[in-house]
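Source file: start15.cif; contents: mmCIF, C-alpha atoms.
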```cif
data_target
loop_
_atom_site.group_PDB
_atom_site.id
_atom_site.type_symbol
_atom_site.label_atom_id
_atom_site.label_comp_id
_atom_site.auth_asym_id
_atom_site.auth_seq_id
_atom_site.Cartn_x
_atom_site.Cartn_y
_atom_site.Cartn_z
ATOM 1 C CA MET T 173 0.000 0.000 0.000
ATOM 2 C CA ARG T 174 1.390 3.374 -0.991
ATOM 3 C CA ARG T 175 1.621 5.915 1.822
ATOM 4 C CA LEU T 176 0.119 9.101 0.472
ATOM 5 C CA ALA T 177 2.269 11.311 2.693
ATOM 6 C CA GLY T 178 5.177 10.796 0.329
ATOM 7 C CA LEU T 179 3.159 12.239 -2.541
ATOM 8 C CA LEU T 180 1.502 15.139 -0.766
ATOM 9 C CA ALA T 181 4.022 17.113 1.213
ATOM 10 C CA VAL T 182 7.412 18.672 0.696
ATOM 11 C CA PRO T 183 9.789 16.313 2.536
ATOM 12 C CA LEU T 184 11.721 17.496 5.567
ATOM 13 C CA LEU T 185 14.964 16.056 6.825
ATOM 14 C CA LEU T 186 13.405 14.606 9.961
ATOM 15 C CA ILE T 187 11.217 11.738 9.226
ATOM 16 C CA ALA T 188 12.524 15.315 11.158
ATOM 17 C CA THR T 189 18.136 31.073 31.569
ATOM 18 C CA ALA T 190 17.631 28.573 34.222
ATOM 19 C CA ALA T 191 20.303 26.430 35.667
ATOM 20 C CA CYS T 192 21.108 23.638 33.253
ATOM 21 C CA GLY T 193 19.719 20.255 34.148
ATOM 22 C CA SER T 194 20.510 16.841 32.738
ATOM 23 C CA ASP T 195 18.265 13.895 32.004
ATOM 24 C CA ASP T 196 21.091 11.427 31.537
ATOM 25 C CA LYS T 197 19.788 8.458 29.582
ATOM 26 C CA GLY T 198 23.242 6.985 29.295
ATOM 27 C CA SER T 199 26.374 8.882 28.306
ATOM 28 C CA ASP T 200 30.107 9.054 28.313
ATOM 29 C CA SER T 201 30.715 11.807 30.863
ATOM 30 C CA THR T 202 33.273 14.438 30.024
ATOM 31 C CA SER T 203 34.493 17.478 31.884
ATOM 32 C CA ASP T 204 32.919 20.811 31.095
ATOM 33 C CA SER T 205 34.955 23.152 28.937
ATOM 34 C CA ALA T 206 34.389 26.115 26.682
ATOM 35 C CA SER T 207 33.078 23.755 24.031
ATOM 36 C CA MET T 208 31.410 21.049 26.153
ATOM 37 C CA LYS T 209 28.636 21.178 28.765
ATOM 38 C CA ASN T 210 27.281 18.168 30.654
ATOM 39 C CA GLY T 211 28.792 15.803 28.111
ATOM 40 C CA LEU T 212 27.360 17.489 25.013
ATOM 41 C CA PRO T 213 28.615 20.331 22.792
ATOM 42 C CA ALA T 214 28.049 23.721 24.404
ATOM 43 C CA ILE T 215 25.669 26.330 23.047
ATOM 44 C CA THR T 216 28.045 29.195 22.314
ATOM 45 C CA ALA T 217 25.443 31.748 21.138
ATOM 46 C CA GLY T 218 21.668 32.035 21.060
ATOM 47 C CA ALA T 219 21.239 30.155 24.323
ATOM 48 C CA LYS T 220 17.713 31.361 25.184
ATOM 49 C CA PHE T 221 14.505 29.609 24.188
ATOM 50 C CA GLY T 222 13.386 30.905 20.798
ATOM 51 C CA GLU T 223 16.838 32.071 19.703
ATOM 52 C CA LYS T 224 18.682 30.281 16.932
ATOM 53 C CA PRO T 225 21.519 28.509 18.765
ATOM 54 C CA THR T 226 25.113 28.019 17.727
ATOM 55 C CA LEU T 227 26.690 24.733 18.798
ATOM 56 C CA ALA T 228 30.346 23.965 19.399
ATOM 57 C CA LYS T 229 31.967 20.943 17.809
ATOM 58 C CA GLY T 230 31.929 17.843 19.996
ATOM 59 C CA GLU T 231 35.112 16.862 21.829
ATOM 60 C CA GLY T 232 36.249 13.394 22.806
ATOM 61 C CA ASN T 233 34.145 10.286 22.456
ATOM 62 C CA PRO T 234 30.441 10.888 21.767
ATOM 63 C CA PRO T 235 27.822 9.330 24.049
ATOM 64 C CA LYS T 236 27.118 5.680 23.322
ATOM 65 C CA ALA T 237 23.486 5.996 24.444
ATOM 66 C CA LEU T 238 20.867 8.696 24.190
ATOM 67 C CA LYS T 239 21.729 11.740 26.302
ATOM 68 C CA VAL T 240 19.287 14.530 27.096
ATOM 69 C CA ASN T 241 20.284 17.833 28.710
ATOM 70 C CA VAL T 242 17.519 20.188 29.795
ATOM 71 C CA ILE T 243 18.884 23.630 28.972
ATOM 72 C CA SER T 244 15.837 25.461 30.330
ATOM 73 C CA GLU T 245 12.667 23.849 31.634
ATOM 74 C CA GLY T 246 9.273 25.107 30.550
ATOM 75 C CA LYS T 247 6.118 25.294 32.643
ATOM 76 C CA GLY T 248 3.813 23.475 30.252
ATOM 77 C CA ALA T 249 2.511 19.926 30.250
ATOM 78 C CA ALA T 250 4.905 16.999 29.903
ATOM 79 C CA LEU T 251 4.920 15.430 26.453
ATOM 80 C CA LYS T 252 3.434 11.965 26.073
ATOM 81 C CA LYS T 253 3.098 9.494 23.233
ATOM 82 C CA ASN T 254 0.616 10.437 20.499
ATOM 83 C CA ASP T 255 0.769 14.156 21.351
ATOM 84 C CA ALA T 256 1.021 16.451 18.345
ATOM 85 C CA VAL T 257 4.103 18.542 19.060
ATOM 86 C CA SER T 258 5.470 21.689 17.408
ATOM 87 C CA VAL T 259 9.168 22.362 17.835
ATOM 88 C CA ASN T 260 11.989 24.493 16.539
ATOM 89 C CA TYR T 261 15.315 22.744 16.218
ATOM 90 C CA LEU T 262 18.900 22.864 15.038
ATOM 91 C CA GLY T 263 20.890 19.736 14.278
ATOM 92 C CA GLN T 264 24.526 19.010 13.546
ATOM 93 C CA ALA T 265 26.886 16.073 13.624
ATOM 94 C CA TRP T 266 29.093 15.515 16.684
ATOM 95 C CA ASP T 267 32.284 15.983 14.679
ATOM 96 C CA SER T 268 31.128 19.178 12.942
ATOM 97 C CA ASP T 269 30.540 22.801 13.871
ATOM 98 C CA LYS T 270 28.152 23.395 10.972
ATOM 99 C CA PRO T 271 24.423 22.542 11.207
ATOM 100 C CA PHE T 272 22.942 20.186 8.620
ATOM 101 C CA ASP T 273 19.401 21.476 9.230
ATOM 102 C CA ASN T 274 17.386 23.905 11.323
ATOM 103 C CA SER T 275 13.847 25.237 11.460
ATOM 104 C CA PHE T 276 14.783 28.654 12.832
ATOM 105 C CA ASP T 277 15.821 29.926 9.404
ATOM 106 C CA ARG T 278 12.545 28.683 7.889
ATOM 107 C CA LYS T 279 10.629 30.588 10.598
ATOM 108 C CA GLU T 280 8.170 27.701 10.732
ATOM 109 C CA PRO T 281 8.071 25.146 13.570
ATOM 110 C CA PHE T 282 8.248 21.485 12.667
ATOM 111 C CA THR T 283 5.244 19.378 13.713
ATOM 112 C CA LEU T 284 5.295 15.685 14.602
ATOM 113 C CA THR T 285 3.211 13.110 16.424
ATOM 114 C CA LEU T 286 5.351 11.879 19.305
ATOM 115 C CA GLY T 287 6.047 8.160 19.339
ATOM 116 C CA ALA T 288 4.508 7.584 15.913
ATOM 117 C CA GLY T 289 7.776 6.875 14.122
ATOM 118 C CA GLN T 290 7.608 10.057 12.060
ATOM 119 C CA VAL T 291 11.072 11.086 13.231
ATOM 120 C CA ILE T 292 14.251 9.290 14.278
ATOM 121 C CA LYS T 293 14.018 7.199 17.459
ATOM 122 C CA GLY T 294 16.274 9.557 19.383
ATOM 123 C CA TRP T 295 13.670 12.289 19.030
ATOM 124 C CA ASP T 296 10.722 10.099 20.014
ATOM 125 C CA GLN T 297 12.571 8.823 23.067
ATOM 126 C CA GLY T 298 14.358 12.028 24.040
ATOM 127 C CA LEU T 299 11.357 14.355 23.884
ATOM 128 C CA GLU T 300 8.901 12.158 25.747
ATOM 129 C CA GLY T 301 8.371 13.527 29.269
ATOM 130 C CA GLN T 302 9.862 16.951 28.504
ATOM 131 C CA LYS T 303 7.687 19.986 29.216
ATOM 132 C CA VAL T 304 6.224 22.435 26.731
ATOM 133 C CA GLY T 305 8.293 25.609 26.802
ATOM 134 C CA SER T 306 11.530 23.716 27.425
ATOM 135 C CA ARG T 307 14.771 23.873 25.492
ATOM 136 C CA VAL T 308 16.556 20.534 25.456
ATOM 137 C CA GLU T 309 19.746 19.276 23.875
ATOM 138 C CA LEU T 310 19.819 15.726 22.540
ATOM 139 C CA GLY T 311 22.909 13.601 21.925
ATOM 140 C CA ILE T 312 21.772 10.770 19.654
ATOM 141 C CA PRO T 313 23.920 7.721 18.833
ATOM 142 C CA PRO T 314 23.758 6.267 15.306
ATOM 143 C CA GLU T 315 21.373 3.421 16.168
ATOM 144 C CA LEU T 316 18.776 5.976 17.297
ATOM 145 C CA GLY T 317 19.523 8.292 14.375
ATOM 146 C CA TYR T 318 20.197 7.441 10.740
ATOM 147 C CA GLY T 319 22.373 4.418 11.430
ATOM 148 C CA ALA T 320 24.825 2.900 9.023
ATOM 149 C CA GLN T 321 23.078 4.296 5.944
ATOM 150 C CA GLY T 322 23.179 7.983 6.875
ATOM 151 C CA GLN T 323 20.945 10.444 5.036
ATOM 152 C CA GLY T 324 21.691 13.426 2.802
ATOM 153 C CA ASP T 325 24.559 15.365 4.350
ATOM 154 C CA ILE T 326 24.569 13.081 7.403
ATOM 155 C CA LYS T 327 27.379 10.544 7.188
ATOM 156 C CA PRO T 328 26.897 6.861 8.039
ATOM 157 C CA ASN T 329 27.191 6.038 11.757
ATOM 158 C CA ALA T 330 27.037 9.706 12.735
ATOM 159 C CA THR T 331 26.282 10.776 16.286
ATOM 160 C CA LEU T 332 23.845 13.686 16.093
ATOM 161 C CA VAL T 333 23.319 16.667 18.364
ATOM 162 C CA PHE T 334 20.079 18.654 18.394
ATOM 163 C CA VAL T 335 18.879 21.704 20.266
ATOM 164 C CA VAL T 336 15.083 21.523 20.415
ATOM 165 C CA ASP T 337 12.609 24.180 21.610
ATOM 166 C CA ILE T 338 9.240 22.615 22.488
ATOM 167 C CA VAL T 339 6.799 25.288 21.323
ATOM 168 C CA LYS T 340 3.410 23.634 21.649
ATOM 169 C CA ALA T 341 1.693 20.285 22.210
ATOM 170 C CA THR T 342 -1.847 19.030 21.707
ATOM 171 C CA THR T 343 -3.400 15.783 22.926
ATOM 172 C CA ILE T 344 -4.783 13.828 19.980
ATOM 173 C CA PRO T 345 -8.236 12.217 20.380
ATOM 174 C CA ALA T 346 -8.845 8.718 19.049
ATOM 175 C CA SER T 347 -11.626 9.786 16.713
ATOM 176 C CA ALA T 348 -13.647 12.665 15.338
ATOM 177 C CA LYS T 349 -16.777 13.323 17.352
ATOM 178 C CA GLY T 350 -19.614 15.605 16.398
ATOM 179 C CA LYS T 351 -23.112 15.938 15.078
ATOM 180 C CA GLU T 352 -24.052 13.412 12.413
ATOM 181 C CA VAL T 353 -24.801 15.064 9.084
ATOM 182 C CA ALA T 354 -27.259 13.417 6.679
ATOM 183 C CA GLN T 355 -25.653 11.676 3.690
ATOM 184 C CA ASP T 356 -28.579 11.923 1.299
ATOM 185 C CA ASP T 357 -26.875 12.029 -2.092
ATOM 186 C CA LYS T 358 -27.090 8.498 -3.524
ATOM 187 C CA ASP T 359 -24.406 9.356 -6.069
ATOM 188 C CA LEU T 360 -21.781 10.013 -3.402
ATOM 189 C CA PRO T 361 -19.882 7.578 -1.157
ATOM 190 C CA LYS T 362 -21.269 6.822 2.300
ATOM 191 C CA VAL T 363 -18.959 7.006 5.324
ATOM 192 C CA GLY T 364 -19.474 5.313 8.693
ATOM 193 C CA THR T 365 -20.117 7.370 11.823
ATOM 194 C CA ASN T 366 -18.392 5.241 14.481
ATOM 195 C CA THR T 367 -16.326 7.121 17.068
ATOM 196 C CA ASP T 368 -14.363 4.226 18.572
ATOM 197 C CA GLY T 369 -11.061 5.062 16.891
ATOM 198 C CA LYS T 370 -11.441 2.304 14.307
ATOM 199 C CA ALA T 371 -11.559 2.985 10.578
ATOM 200 C CA PRO T 372 -15.039 3.996 9.419
ATOM 201 C CA THR T 373 -16.645 2.092 6.582
ATOM 202 C CA LEU T 374 -16.654 3.745 3.165
ATOM 203 C CA THR T 375 -18.905 2.567 0.354
ATOM 204 C CA ILE T 376 -18.460 3.952 -3.160
ATOM 205 C CA PRO T 377 -21.513 3.793 -5.440
ATOM 206 C CA LYS T 378 -21.469 2.151 -8.861
ATOM 207 C CA THR T 379 -21.977 5.473 -10.625
ATOM 208 C CA ASP T 380 -19.799 7.948 -12.487
ATOM 209 C CA ALA T 381 -17.461 9.950 -10.287
ATOM 210 C CA PRO T 382 -18.265 13.640 -9.772
ATOM 211 C CA LYS T 383 -16.368 16.069 -11.962
ATOM 212 C CA LYS T 384 -16.002 18.668 -9.214
ATOM 213 C CA LEU T 385 -14.433 18.557 -5.772
ATOM 214 C CA VAL T 386 -16.665 17.244 -2.979
ATOM 215 C CA SER T 387 -16.018 18.144 0.672
ATOM 216 C CA ASP T 388 -18.917 17.195 2.963
ATOM 217 C CA TYR T 389 -19.261 16.766 6.694
ATOM 218 C CA VAL T 390 -20.035 13.290 7.971
ATOM 219 C CA LEU T 391 -19.588 14.303 11.604
ATOM 220 C CA GLU T 392 -19.477 18.052 12.226
ATOM 221 C CA GLY T 393 -17.234 18.939 15.151
ATOM 222 C CA ASP T 394 -17.157 22.162 17.130
ATOM 223 C CA GLY T 395 -13.452 23.014 16.964
ATOM 224 C CA ASP T 396 -11.627 25.836 15.247
ATOM 225 C CA VAL T 397 -11.925 26.248 11.497
ATOM 226 C CA VAL T 398 -8.923 24.967 9.543
ATOM 227 C CA LYS T 399 -6.973 27.700 7.731
ATOM 228 C CA ASP T 400 -4.547 27.334 4.851
ATOM 229 C CA THR T 401 -1.628 28.177 7.153
ATOM 230 C CA ASP T 402 -2.365 25.420 9.689
ATOM 231 C CA SER T 403 -0.732 22.080 10.301
ATOM 232 C CA VAL T 404 -3.380 19.431 10.869
ATOM 233 C CA VAL T 405 -3.330 15.996 12.468
ATOM 234 C CA LEU T 406 -5.411 13.534 10.475
ATOM 235 C CA ALA T 407 -6.652 9.969 10.578
ATOM 236 C CA TYR T 408 -7.744 8.969 7.104
ATOM 237 C CA GLU T 409 -8.252 6.319 4.465
ATOM 238 C CA GLY T 410 -7.909 6.850 0.731
ATOM 239 C CA PHE T 411 -9.617 4.838 -2.024
ATOM 240 C CA LEU T 412 -9.833 4.880 -5.805
ATOM 241 C CA TRP T 413 -13.337 5.573 -7.094
ATOM 242 C CA LYS T 414 -12.985 3.218 -10.058
ATOM 243 C CA ASP T 415 -12.502 -0.068 -8.203
ATOM 244 C CA SER T 416 -12.821 0.951 -4.512
ATOM 245 C CA LYS T 417 -9.191 -0.075 -4.005
ATOM 246 C CA LYS T 418 -7.658 1.298 -0.819
ATOM 247 C CA PHE T 419 -4.294 2.943 -1.439
ATOM 248 C CA ASP T 420 -3.538 4.443 1.969
ATOM 249 C CA SER T 421 -4.708 4.240 5.579
ATOM 250 C CA THR T 422 -3.388 5.703 8.805
ATOM 251 C CA TYR T 423 -5.482 3.097 10.623
ATOM 252 C CA ASP T 424 -3.551 0.285 8.984
ATOM 253 C CA GLN T 425 -0.294 2.037 9.902
ATOM 254 C CA GLY T 426 -1.438 2.447 13.506
ATOM 255 C CA LYS T 427 -0.595 6.133 13.672
ATOM 256 C CA THR T 428 -1.954 9.514 12.647
ATOM 257 C CA GLN T 429 -0.375 11.741 10.012
ATOM 258 C CA THR T 430 0.460 15.427 10.369
ATOM 259 C CA PHE T 431 0.372 17.684 7.302
ATOM 260 C CA ALA T 432 1.498 21.296 7.086
ATOM 261 C CA LEU T 433 -1.105 22.682 4.695
ATOM 262 C CA PRO T 434 1.266 25.223 3.104
ATOM 263 C CA ASN T 435 3.351 22.219 1.958
ATOM 264 C CA LEU T 436 0.437 20.043 0.858
ATOM 265 C CA THR T 437 0.729 19.613 -2.897
ATOM 266 C CA LEU T 438 -2.512 17.713 -3.590
ATOM 267 C CA LYS T 439 -4.737 20.651 -4.469
ATOM 268 C CA GLY T 440 -8.099 18.971 -3.931
ATOM 269 C CA LEU T 441 -7.248 17.482 -0.569
ATOM 270 C CA LYS T 442 -5.969 20.813 0.702
ATOM 271 C CA ALA T 443 -9.105 22.603 -0.538
ATOM 272 C CA GLY T 444 -11.291 19.931 1.035
ATOM 273 C CA LEU T 445 -9.798 20.525 4.471
ATOM 274 C CA ILE T 446 -9.705 24.328 4.530
ATOM 275 C CA GLY T 447 -12.802 25.781 6.170
ATOM 276 C CA LYS T 448 -13.745 22.563 7.981
ATOM 277 C CA LYS T 449 -13.872 22.363 11.786
ATOM 278 C CA VAL T 450 -11.397 20.481 13.953
ATOM 279 C CA GLY T 451 -13.053 17.421 15.459
ATOM 280 C CA SER T 452 -14.976 16.648 12.272
ATOM 281 C CA ARG T 453 -15.115 13.684 9.918
ATOM 282 C CA VAL T 454 -15.181 14.733 6.280
ATOM 283 C CA LEU T 455 -15.801 12.989 2.968
ATOM 284 C CA VAL T 456 -13.505 14.424 0.297
ATOM 285 C CA VAL T 457 -13.734 13.354 -3.344
ATOM 286 C CA VAL T 458 -10.841 14.645 -5.438
ATOM 287 C CA PRO T 459 -11.252 14.671 -9.245
ATOM 288 C CA PRO T 460 -8.144 14.114 -11.391
ATOM 289 C CA ASP T 461 -7.629 17.782 -12.234
ATOM 290 C CA GLN T 462 -7.279 18.561 -8.508
ATOM 291 C CA GLY T 463 -5.447 15.351 -7.724
ATOM 292 C CA LEU T 464 -2.573 13.594 -9.464
ATOM 293 C CA GLY T 465 -3.677 14.484 -12.979
ATOM 294 C CA ASP T 466 -3.003 12.496 -16.123
ATOM 295 C CA LYS T 467 0.134 10.696 -14.983
ATOM 296 C CA GLU T 468 0.452 7.496 -12.980
ATOM 297 C CA GLN T 469 2.179 8.095 -9.660
ATOM 298 C CA SER T 470 3.326 5.423 -7.241
ATOM 299 C CA GLY T 471 0.742 2.884 -8.274
ATOM 300 C CA ILE T 472 -2.170 5.328 -8.506
ATOM 301 C CA PRO T 473 -3.375 5.225 -12.136
ATOM 302 C CA ALA T 474 -3.531 8.312 -14.316
ATOM 303 C CA ASN T 475 -6.789 10.265 -14.228
ATOM 304 C CA SER T 476 -7.882 8.682 -10.949
ATOM 305 C CA THR T 477 -10.651 10.110 -8.802
ATOM 306 C CA MET T 478 -9.640 9.688 -5.168
ATOM 307 C CA VAL T 479 -12.016 9.304 -2.236
ATOM 308 C CA PHE T 480 -11.023 10.126 1.331
ATOM 309 C CA SER T 481 -12.611 9.645 4.711
ATOM 310 C CA ILE T 482 -10.769 12.087 6.983
ATOM 311 C CA ASP T 483 -10.946 12.708 10.727
ATOM 312 C CA ILE T 484 -9.538 16.175 11.504
ATOM 313 C CA LEU T 485 -8.219 15.413 14.983
ATOM 314 C CA ALA T 486 -6.247 18.552 15.796
ATOM 315 C CA LYS T 487 -4.496 21.559 14.329
ATOM 316 C CA MET T 488 -1.227 23.109 15.397
#
```

For the file at hand, write its structure as structure tokens.
Amino acid sequence: MRRLAGLLAVPLLLIATAACGSDDKGSDSTSDSASMKNGLPAITAGAKFGEKPTLAKGEGNPPKALKVNVISEGKGAALKKNDAVSVNYLGQAWDSDKPFDNSFDRKEPFTLTLGAGQVIKGWDQGLEGQKVGSRVELGIPPELGYGAQGQGDIKPNATLVFVVDIVKATTIPASAKGKEVAQDDKDLPKVGTNTDGKAPTLTIPKTDAPKKLVSDYVLEGDGDVVKDTDSVVLAYEGFLWKDSKKFDSTYDQGKTQTFALPNLTLKGLKAGLIGKKVGSRVLVVVPPDQGLGDKEQSGIPANSTMVFSIDILAKM
């Protein structure tokens, strides 16, 4: 089954003054110096939460296990698995003084679902339990990073160092919940209204697909209206109208998917979400001219009409 996320969004790398504290999850301890602090490279400029940091190059042997230093502790809730989390970050290799990526320059926080495998294991493990509003530094060994294969500018078997500002977190519900909306059009698919966190049924009629975009409530929630600048956390299934073949499902993957709408390249899906309320379940039918067009992509035939059942669980 093809995961639609790879087709829809611009890829990111990560699939990606209080007294200093340390949450030592295993490390090779080293003495503090101008370039090292609590066993990790020191922040030499931009030390405050919200400032773009500058990191020194690591000295000596890197930690053999995940190491987490709390640079400044926030006052928000502690992060837990399945929270939608927005962060700013800067990352560089242990043996370098030049970052390979950062969100500060993009002026747009990165959003992930914690514990869902959307980022490297060192992030999922290192951020869990940290408080919103905190700045933490992570020392991540290769087996919790990109391993022996590396990625992009990251060399194989690289130990990684990140400074992460935890900007915001939202608890993700298991399902959309709201007022049931009548599904009276016999020429449109019918979507189930269960709210138990399991995939709703979706039945596509044996009729011609609509030529125009369809975006209808199945369950109308009472949350904020989705704007084109939002990042949204979704549970969804996608089908082809022609043969009712399922091509993607977050339920089958066992985790939600977060999309930054400014980066969402599937025009019809983006349009179908904008203006809908958080907490809702929506039927979206995307015609070819607002979908993948007249070219086959990743197993989805050319000129396909796509049908989505989407739970809008949260926005960031």

Apply the PyMOL selection byres ((chain T and resi 281) around 8) to the file shown and report the selected residues as a ChimeraX atom specification. /T:258-260,275-276,279-280,282-283,339

What is the atom CA of T:Glu409-atom CA of T:Gly440 distance in Å, reported with one decimal? 15.2 Å

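Evaluated on this file, the PyMOL selection byres ((chain T and resi 288) around 8) matches Lys253, Asn254, Thr285, Leu286, Gly287, Gly289, Gln290, Val291, Asp296, Lys427 and Thr428 of chain T.
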
Taking C-alpha atoms for each residue, export the selection above as a short mmCIF file (atom, residue, chain, number, x, y, z; two decimals), in the frame of the given file.
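The resulting again.cif:
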```cif
data_model
loop_
_atom_site.label_atom_id
_atom_site.label_comp_id
_atom_site.auth_asym_id
_atom_site.auth_seq_id
_atom_site.Cartn_x
_atom_site.Cartn_y
_atom_site.Cartn_z
CA LYS T 253 3.10 9.49 23.23
CA ASN T 254 0.62 10.44 20.50
CA THR T 285 3.21 13.11 16.42
CA LEU T 286 5.35 11.88 19.30
CA GLY T 287 6.05 8.16 19.34
CA GLY T 289 7.78 6.88 14.12
CA GLN T 290 7.61 10.06 12.06
CA VAL T 291 11.07 11.09 13.23
CA ASP T 296 10.72 10.10 20.01
CA LYS T 427 -0.60 6.13 13.67
CA THR T 428 -1.95 9.51 12.65
#
```

Selection in question (the file shown): the PyMOL selection byres ((chain T and resi 247) around 12). Which residues does it include, as a list in words?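 With the PyMOL selection byres ((chain T and resi 247) around 12) on this model, the match is Ser244, Glu245, Gly246, Gly248, Ala249, Ala250, Leu251, Gln302, Lys303, Val304, Gly305, Ser306, Arg307, Ile338, Val339 and Lys340 of chain T.
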
Give me the residues within 9 Å of T:Ala486 as a PyMOL selection string, counting all atoms listed in the file and dropping any in the same chain fewer than 3 places off. chain T and resi 256+342-345+395+403-406+450-451

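Residue nearest T:Thr375 within the list T:Lys351, T:Lys224, T:Lys414, T:Lys439: T:Lys414 [criterion: smallest interatomic distance, all atoms listed in the file].
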
Between atom CA of T:Leu299 and atom CA of T:Ser452 - distance in Å to one decimal: 28.9 Å

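Computed from the coordinates, the atom CA of T:Lys378 to atom CA of T:Thr365 distance equals 21.4 Å.
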
For T:Val335, which residue out of T:Gly369, T:Gly447, T:Gly311, T:Gly465 is the nearest one, using only C-alpha atoms? T:Gly311

Output stretch 259-275 of chain T with N, CA and C atoms present, as a PDB file, keeping the file's coordinate frame.
```
ATOM      1  N   VAL T 259       7.849  22.037  17.301  1.00  0.00           N
ATOM      2  CA  VAL T 259       9.168  22.362  17.835  1.00  0.00           C
ATOM      3  C   VAL T 259       9.948  23.202  16.833  1.00  0.00           C
ATOM      4  N   ASN T 260      10.902  23.949  17.347  1.00  0.00           N
ATOM      5  CA  ASN T 260      11.989  24.493  16.539  1.00  0.00           C
ATOM      6  C   ASN T 260      13.256  23.740  16.913  1.00  0.00           C
ATOM      7  N   TYR T 261      14.141  23.568  15.954  1.00  0.00           N
ATOM      8  CA  TYR T 261      15.315  22.744  16.218  1.00  0.00           C
ATOM      9  C   TYR T 261      16.486  23.162  15.353  1.00  0.00           C
ATOM     10  N   LEU T 262      17.670  22.773  15.814  1.00  0.00           N
ATOM     11  CA  LEU T 262      18.900  22.864  15.038  1.00  0.00           C
ATOM     12  C   LEU T 262      19.658  21.572  15.258  1.00  0.00           C
ATOM     13  N   GLY T 263      20.156  20.988  14.167  1.00  0.00           N
ATOM     14  CA  GLY T 263      20.890  19.736  14.278  1.00  0.00           C
ATOM     15  C   GLY T 263      22.233  19.802  13.582  1.00  0.00           C
ATOM     16  N   GLN T 264      23.231  19.142  14.204  1.00  0.00           N
ATOM     17  CA  GLN T 264      24.526  19.010  13.546  1.00  0.00           C
ATOM     18  C   GLN T 264      25.188  17.726  14.028  1.00  0.00           C
ATOM     19  N   ALA T 265      26.155  17.281  13.262  1.00  0.00           N
ATOM     20  CA  ALA T 265      26.886  16.073  13.624  1.00  0.00           C
ATOM     21  C   ALA T 265      27.873  16.377  14.748  1.00  0.00           C
ATOM     22  N   TRP T 266      28.173  15.360  15.551  1.00  0.00           N
ATOM     23  CA  TRP T 266      29.093  15.515  16.684  1.00  0.00           C
ATOM     24  C   TRP T 266      30.434  16.084  16.246  1.00  0.00           C
ATOM     25  N   ASP T 267      30.935  15.613  15.112  1.00  0.00           N
ATOM     26  CA  ASP T 267      32.284  15.983  14.679  1.00  0.00           C
ATOM     27  C   ASP T 267      32.288  17.189  13.741  1.00  0.00           C
ATOM     28  N   SER T 268      31.221  18.000  13.805  1.00  0.00           N
ATOM     29  CA  SER T 268      31.128  19.178  12.942  1.00  0.00           C
ATOM     30  C   SER T 268      30.720  20.383  13.768  1.00  0.00           C
ATOM     31  N   ASP T 269      31.039  21.563  13.245  1.00  0.00           N
ATOM     32  CA  ASP T 269      30.540  22.801  13.871  1.00  0.00           C
ATOM     33  C   ASP T 269      29.576  23.524  12.938  1.00  0.00           C
ATOM     34  N   LYS T 270      29.090  22.805  11.920  1.00  0.00           N
ATOM     35  CA  LYS T 270      28.152  23.395  10.972  1.00  0.00           C
ATOM     36  C   LYS T 270      26.848  22.606  10.979  1.00  0.00           C
ATOM     37  N   PRO T 271      25.706  23.248  11.191  1.00  0.00           N
ATOM     38  CA  PRO T 271      24.423  22.542  11.207  1.00  0.00           C
ATOM     39  C   PRO T 271      24.113  21.929   9.841  1.00  0.00           C
ATOM     40  N   PHE T 272      23.434  20.774   9.868  1.00  0.00           N
ATOM     41  CA  PHE T 272      22.942  20.186   8.620  1.00  0.00           C
ATOM     42  C   PHE T 272      21.483  20.555   8.371  1.00  0.00           C
ATOM     43  N   ASP T 273      20.806  21.079   9.402  1.00  0.00           N
ATOM     44  CA  ASP T 273      19.401  21.476   9.230  1.00  0.00           C
ATOM     45  C   ASP T 273      18.972  22.296  10.435  1.00  0.00           C
ATOM     46  N   ASN T 274      18.015  23.214  10.206  1.00  0.00           N
ATOM     47  CA  ASN T 274      17.386  23.905  11.323  1.00  0.00           C
ATOM     48  C   ASN T 274      16.080  24.518  10.854  1.00  0.00           C
ATOM     49  N   SER T 275      15.152  24.639  11.784  1.00  0.00           N
ATOM     50  CA  SER T 275      13.847  25.237  11.460  1.00  0.00           C
ATOM     51  C   SER T 275      13.813  26.731  11.743  1.00  0.00           C
TER      52      SER T 275
END
```
